[in-house]
Structures are given as C-alpha cells and as structure tokens.
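Structure data (PDB, C-alpha atoms) from query-v4.pdb:
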ATOM      1  CA  MET A   1      -6.929  -6.524  11.701
ATOM      2  CA  THR A   2      -6.439  -4.931   8.275
ATOM      3  CA  SER A   3      -3.472  -5.020   5.920
ATOM      4  CA  THR A   4      -1.348  -2.169   4.661
ATOM      5  CA  ILE A   5       0.602  -1.847   1.440
ATOM      6  CA  ARG A   6       4.242  -2.023   2.443
ATOM      7  CA  HIS A   7       5.715  -1.563  -1.049
ATOM      8  CA  VAL A   8       4.679  -1.191  -4.624
ATOM      9  CA  THR A   9       7.068  -3.587  -6.382
ATOM     10  CA  ILE A  10       8.325  -2.865  -9.877
ATOM     11  CA  ASP A  11       9.867  -5.654 -11.953
ATOM     12  CA  CYS A  12      12.891  -4.535 -13.962
ATOM     13  CA  ALA A  13      16.202  -5.544 -15.503
ATOM     14  CA  ASP A  14      18.385  -3.208 -13.413
ATOM     15  CA  PRO A  15      16.862  -2.273 -10.047
ATOM     16  CA  TYR A  16      19.606   0.135  -9.015
ATOM     17  CA  GLU A  17      19.461   2.079 -12.294
ATOM     18  CA  LEU A  18      15.676   2.245 -12.466
ATOM     19  CA  ALA A  19      15.360   3.112  -8.779
ATOM     20  CA  GLY A  20      17.968   5.819  -9.365
ATOM     21  CA  PHE A  21      15.822   7.312 -12.132
ATOM     22  CA  TRP A  22      12.744   7.358  -9.883
ATOM     23  CA  SER A  23      14.830   8.674  -6.980
ATOM     24  CA  ARG A  24      15.697  11.708  -9.131
ATOM     25  CA  VAL A  25      12.075  12.073 -10.330
ATOM     26  CA  LEU A  26      10.726  12.087  -6.775
ATOM     27  CA  ASP A  27      13.745  13.761  -5.149
ATOM     28  CA  LEU A  28      13.868  10.955  -2.592
ATOM     29  CA  PRO A  29      16.959   8.918  -1.690
ATOM     30  CA  LEU A  30      17.618   5.284  -2.414
ATOM     31  CA  HIS A  31      17.984   3.111   0.659
ATOM     32  CA  GLU A  32      21.502   3.489   2.062
ATOM     33  CA  ASP A  33      22.256  -0.238   1.629
ATOM     34  CA  ASP A  34      21.454  -0.315  -2.120
ATOM     35  CA  LYS A  35      24.390  -0.761  -4.502
ATOM     36  CA  PRO A  36      24.780  -1.312  -8.268
ATOM     37  CA  GLY A  37      24.230  -4.955  -9.150
ATOM     38  CA  ASP A  38      21.954  -5.674  -6.174
ATOM     39  CA  PRO A  39      18.861  -7.760  -7.010
ATOM     40  CA  ALA A  40      16.607  -5.125  -5.422
ATOM     41  CA  ALA A  41      16.599  -1.408  -4.669
ATOM     42  CA  LEU A  42      14.270   0.591  -2.441
ATOM     43  CA  ILE A  43      13.004   4.156  -2.293
ATOM     44  CA  GLU A  44      11.749   3.774   1.244
ATOM     45  CA  ASP A  45       9.936   7.104   1.602
ATOM     46  CA  ALA A  46       7.854   6.344  -1.526
ATOM     47  CA  HIS A  47       7.376   2.646  -0.664
ATOM     48  CA  LEU A  48       8.774   1.678  -4.096
ATOM     49  CA  LEU A  49      10.721  -1.566  -4.364
ATOM     50  CA  PHE A  50      12.500  -2.426  -7.622
ATOM     51  CA  VAL A  51      13.387  -6.087  -8.188
ATOM     52  CA  THR A  52      15.266  -7.976 -10.885
ATOM     53  CA  VAL A  53      13.270 -10.215 -13.197
ATOM     54  CA  PRO A  54      14.649 -12.098 -16.206
ATOM     55  CA  GLU A  55      12.006 -11.142 -18.777
ATOM     56  CA  PRO A  56      11.611  -7.668 -20.334
ATOM     57  CA  LYS A  57       8.413  -5.635 -20.175
ATOM     58  CA  SER A  58       6.164  -6.837 -22.983
ATOM     59  CA  VAL A  59       2.665  -5.385 -22.529
ATOM     60  CA  LYS A  60       0.995  -2.223 -21.262
ATOM     61  CA  ASN A  61       1.218  -1.591 -17.528
ATOM     62  CA  ARG A  62      -1.787  -2.709 -15.502
ATOM     63  CA  LEU A  63      -0.845  -0.087 -12.897
ATOM     64  CA  HIS A  64       0.852   3.255 -13.435
ATOM     65  CA  PHE A  65       1.810   6.408 -11.581
ATOM     66  CA  ASP A  66       0.130   9.781 -12.138
ATOM     67  CA  LEU A  67       2.625  12.479 -11.193
ATOM     68  CA  GLN A  68       1.539  15.976 -10.176
ATOM     69  CA  PRO A  69       4.344  18.563 -10.087
ATOM     70  CA  GLN A  70       4.533  20.462  -6.818
ATOM     71  CA  ASP A  71       6.766  23.421  -7.618
ATOM     72  CA  ARG A  72       6.583  23.758 -11.401
ATOM     73  CA  THR A  73       4.131  23.468 -14.255
ATOM     74  CA  ARG A  74       3.239  20.234 -16.001
ATOM     75  CA  ASP A  75       5.187  21.276 -19.097
ATOM     76  CA  GLU A  76       8.265  22.224 -17.053
ATOM     77  CA  GLU A  77       8.077  18.824 -15.343
ATOM     78  CA  VAL A  78       7.801  17.020 -18.684
ATOM     79  CA  ARG A  79      10.986  18.797 -19.862
ATOM     80  CA  ARG A  80      12.766  17.897 -16.597
ATOM     81  CA  LEU A  81      11.764  14.236 -16.871
ATOM     82  CA  LEU A  82      12.900  14.057 -20.501
ATOM     83  CA  GLY A  83      16.274  15.338 -19.270
ATOM     84  CA  LEU A  84      16.388  12.543 -16.678
ATOM     85  CA  GLY A  85      15.893   9.866 -19.348
ATOM     86  CA  ALA A  86      12.109   9.495 -19.659
ATOM     87  CA  THR A  87      10.479   9.386 -23.082
ATOM     88  CA  LEU A  88       7.248  10.976 -24.267
ATOM     89  CA  VAL A  89       4.912   8.164 -25.361
ATOM     90  CA  ALA A  90       1.775  10.185 -26.138
ATOM     91  CA  ASP A  91       1.059  13.873 -25.766
ATOM     92  CA  ARG A  92      -2.457  14.274 -24.380
ATOM     93  CA  ARG A  93      -1.991  17.977 -23.542
ATOM     94  CA  ASN A  94      -4.688  20.224 -24.998
ATOM     95  CA  PRO A  95      -4.385  23.799 -26.328
ATOM     96  CA  ASP A  96      -6.553  25.048 -23.428
ATOM     97  CA  GLY A  97      -3.989  23.720 -20.901
ATOM     98  CA  THR A  98      -5.923  20.631 -19.824
ATOM     99  CA  GLY A  99      -4.747  17.078 -20.392
ATOM    100  CA  TRP A 100      -1.611  15.167 -19.503
ATOM    101  CA  ALA A 101       1.578  13.729 -20.923
ATOM    102  CA  LEU A 102       1.994   9.957 -21.132
ATOM    103  CA  MET A 103       5.635   9.113 -20.550
ATOM    104  CA  ALA A 104       7.808   6.053 -20.007
ATOM    105  CA  ASP A 105      10.724   5.485 -17.657
ATOM    106  CA  PRO A 106      14.031   4.081 -18.995
ATOM    107  CA  GLU A 107      12.659   0.506 -18.902
ATOM    108  CA  GLY A 108       9.401   1.397 -20.677
ATOM    109  CA  ASN A 109       7.029   1.582 -17.712
ATOM    110  CA  GLU A 110       4.355   4.163 -18.501
ATOM    111  CA  PHE A 111       3.368   7.013 -16.217
ATOM    112  CA  CYS A 112       1.417  10.251 -16.629
ATOM    113  CA  VAL A 113       2.287  13.835 -15.783
ATOM    114  CA  GLU A 114      -0.747  15.887 -14.845
ATOM    115  CA  ARG A 115      -1.163  19.610 -14.283
ATOM    116  CA  SER A 116       0.066  21.086 -11.018
ATOM    117  CA  ALA A 117      -2.431  22.130  -8.350
ATOM    118  CA  ALA A 118      -1.790  25.767  -9.289
ATOM    119  CA  GLU A 119      -2.592  25.041 -12.935
ATOM    120  CA  ARG A 120      -5.836  23.399 -11.822
ATOM    121  CA  GLY A 121      -6.747  26.447  -9.742
ATOM    122  CA  GLU A 122      -6.347  24.476  -6.510
ATOM    123  CA  SER A 123      -4.461  25.760  -3.491
TER     124      SER A 123
END
Write out the structure in this file as structure tokens.
Amino acid sequence: MTSTIRHVTIDCADPYELAGFWSRVLDLPLHEDDKPGDPAALIEDAHLLFVTVPEPKSVKNRLHFDLQPQDRTRDEEVRRLLGLGATLVADRRNPDGTGWALMADPEGNEFCVERSAAERGES
C-alpha cells in the first residue's frame, strides 16, 4: 500500500491569521472549527495546515508554492496579492512578458506568481 500526502504543514506564529491570508489568496474557506488563537488552522480543500511554532522563520524556504492565476494575468494577481498583505521580494518579470514575481506572505514565506495559462498560450 502507498502513502498519500494528507497536508502540507506550514509553521507560523499565528495560524489563524496566516491561514486567513492564504484562504483569501486561494479563495478557499478555513475549516469551520478554526478560531483566532487556535494552535492550528486548516484550509481543507488545499490540504494546507498551519501550526504554531515558537521560533520565527530564519532561512529561505526549502519548499514553496508556485501560483498560476486562473482568471487574471500574472501582473493583476501580483497587485491583488500585494493588496492582501503579501510583499514583493524580487521581480523576475521580463519585458517580453516571461518570468515570475517572487513574493512573501505576511510571515515571510516565499512563493512565486507565474503567468496565467492564457499568457503562456495554453488553453
């Protein structure tokens, strides 16, 4: 019998707040039982579990998300995410439209925003 990944677990200082940020990014709800101050928070449909740890993030992520917008361009998504509280860490977008934006969530976890399928010429 094989295994399956049940959750991707993200260490953080405030699980409810950080899960709330990612809930808005992904437009997926937090688990109905999650409340502010809980030691963990879950976005069940994305299999993302946020848990409290005492130490802050101190080094580059060994794992990160690559987001691909579904109903907007990469640049529109970058603007939306900045409005939700993300920060732009490094702009790897090129004048010809290729490239990506390296961003960080409110606790400093890096993620990338790639071009949409339409921008790539994919259906």
- Item | Within 7 Å of region 41-52 of chain A using only C-alpha atoms, minus same-chain residues under 5 positions, as a list in words | Arg6, His7, Val8, Thr9, Ile10, Asp11, Cys12, Ala13, Asp14, Pro15, Tyr16, Ala19, Ser23, Leu28, Pro29, Leu30, His31 and Asp34 of chain A
How would the residues just picked look written out with C-alpha atoms as a compact mmCIF listing (two decimals), in the coordinates of the input?
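Writing done, so here's out20.txt:
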# COMPACT_ATOMS: atom_id res chain seq x y z
CA ARG A 6 4.24 -2.02 2.44
CA HIS A 7 5.72 -1.56 -1.05
CA VAL A 8 4.68 -1.19 -4.62
CA THR A 9 7.07 -3.59 -6.38
CA ILE A 10 8.32 -2.86 -9.88
CA ASP A 11 9.87 -5.65 -11.95
CA CYS A 12 12.89 -4.54 -13.96
CA ALA A 13 16.20 -5.54 -15.50
CA ASP A 14 18.39 -3.21 -13.41
CA PRO A 15 16.86 -2.27 -10.05
CA TYR A 16 19.61 0.14 -9.02
CA ALA A 19 15.36 3.11 -8.78
CA SER A 23 14.83 8.67 -6.98
CA LEU A 28 13.87 10.96 -2.59
CA PRO A 29 16.96 8.92 -1.69
CA LEU A 30 17.62 5.28 -2.41
CA HIS A 31 17.98 3.11 0.66
CA ASP A 34 21.45 -0.32 -2.12
- Item | Option closest in space to Glu110 (chain A), from A:Glu77, A:Gly83, A:Val89, A:Ala40 [counting all atoms listed in the file] | A:Val89
- Write out as number ranges by chain which residues come within 9 Å of Leu88 (chain A) when counting only C-alpha atoms, dropping same-chain ones fewer than 2 positions away. A: 78, 82, 86, 90-91, 101-104
Okay, now the selection with C-alpha atoms, as a compact mmCIF listing (two decimals), in the frame of the given file?
# COMPACT_ATOMS: atom_id res chain seq x y z
CA VAL A 78 7.80 17.02 -18.68
CA LEU A 82 12.90 14.06 -20.50
CA ALA A 86 12.11 9.49 -19.66
CA ALA A 90 1.78 10.18 -26.14
CA ASP A 91 1.06 13.87 -25.77
CA ALA A 101 1.58 13.73 -20.92
CA LEU A 102 1.99 9.96 -21.13
CA MET A 103 5.64 9.11 -20.55
CA ALA A 104 7.81 6.05 -20.01
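Here, the PyMOL selection byres ((chain A and resi 93) around 12) matches Arg74, Asp75, Val78, Leu88, Ala90, Asp91, Arg92, Asn94, Pro95, Asp96, Gly97, Thr98, Gly99, Trp100, Ala101, Leu102, Cys112, Val113, Glu114 and Arg115 of chain A.
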Residue selection dump (C-alpha atoms) as a JSON list (two decimals), in the frame of the given file:
[["chain", "number", "residue", "atom", "x", "y", "z"],
["A", 74, "ARG", "CA", 3.24, 20.23, -16.00],
["A", 75, "ASP", "CA", 5.19, 21.28, -19.10],
["A", 78, "VAL", "CA", 7.80, 17.02, -18.68],
["A", 88, "LEU", "CA", 7.25, 10.98, -24.27],
["A", 90, "ALA", "CA", 1.78, 10.18, -26.14],
["A", 91, "ASP", "CA", 1.06, 13.87, -25.77],
["A", 92, "ARG", "CA", -2.46, 14.27, -24.38],
["A", 94, "ASN", "CA", -4.69, 20.22, -25.00],
["A", 95, "PRO", "CA", -4.38, 23.80, -26.33],
["A", 96, "ASP", "CA", -6.55, 25.05, -23.43],
["A", 97, "GLY", "CA", -3.99, 23.72, -20.90],
["A", 98, "THR", "CA", -5.92, 20.63, -19.82],
["A", 99, "GLY", "CA", -4.75, 17.08, -20.39],
["A", 100, "TRP", "CA", -1.61, 15.17, -19.50],
["A", 101, "ALA", "CA", 1.58, 13.73, -20.92],
["A", 102, "LEU", "CA", 1.99, 9.96, -21.13],
["A", 112, "CYS", "CA", 1.42, 10.25, -16.63],
["A", 113, "VAL", "CA", 2.29, 13.84, -15.78],
["A", 114, "GLU", "CA", -0.75, 15.89, -14.84],
["A", 115, "ARG", "CA", -1.16, 19.61, -14.28]]
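Between CA of Arg80 (chain A) and CA of Gln68 (chain A) there is a distance of 13.1 Å.
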- By how many Å are CA of Gly121 (chain A) and CA of Gly85 (chain A) apart?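 Pair CA of Gly121 (chain A) / CA of Gly85 (chain A) returns 29.7 Å.
The residue that comes closest to Leu26 (chain A), out of A:Thr87, A:Glu107, A:Ser116, A:Gln70 and on the basis of all atoms listed in the file, is A:Gln70.
Going from CA of Leu63 (chain A) over to CA of Leu81 (chain A), you cover 19.5 Å.
Nearest to Thr73 (chain A) of all the residues A:Val53, A:Val59, A:Val25, A:Ala118 is A:Ala118, based on all atoms listed in the file.
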- Query: Written as a PyMOL selection string, what is the full residue list that the PyMOL selection byres ((chain A and resi 109) around 8) yields on the file shown?
  - Reply: chain A and resi 57+60-61+64+104-108+110-111
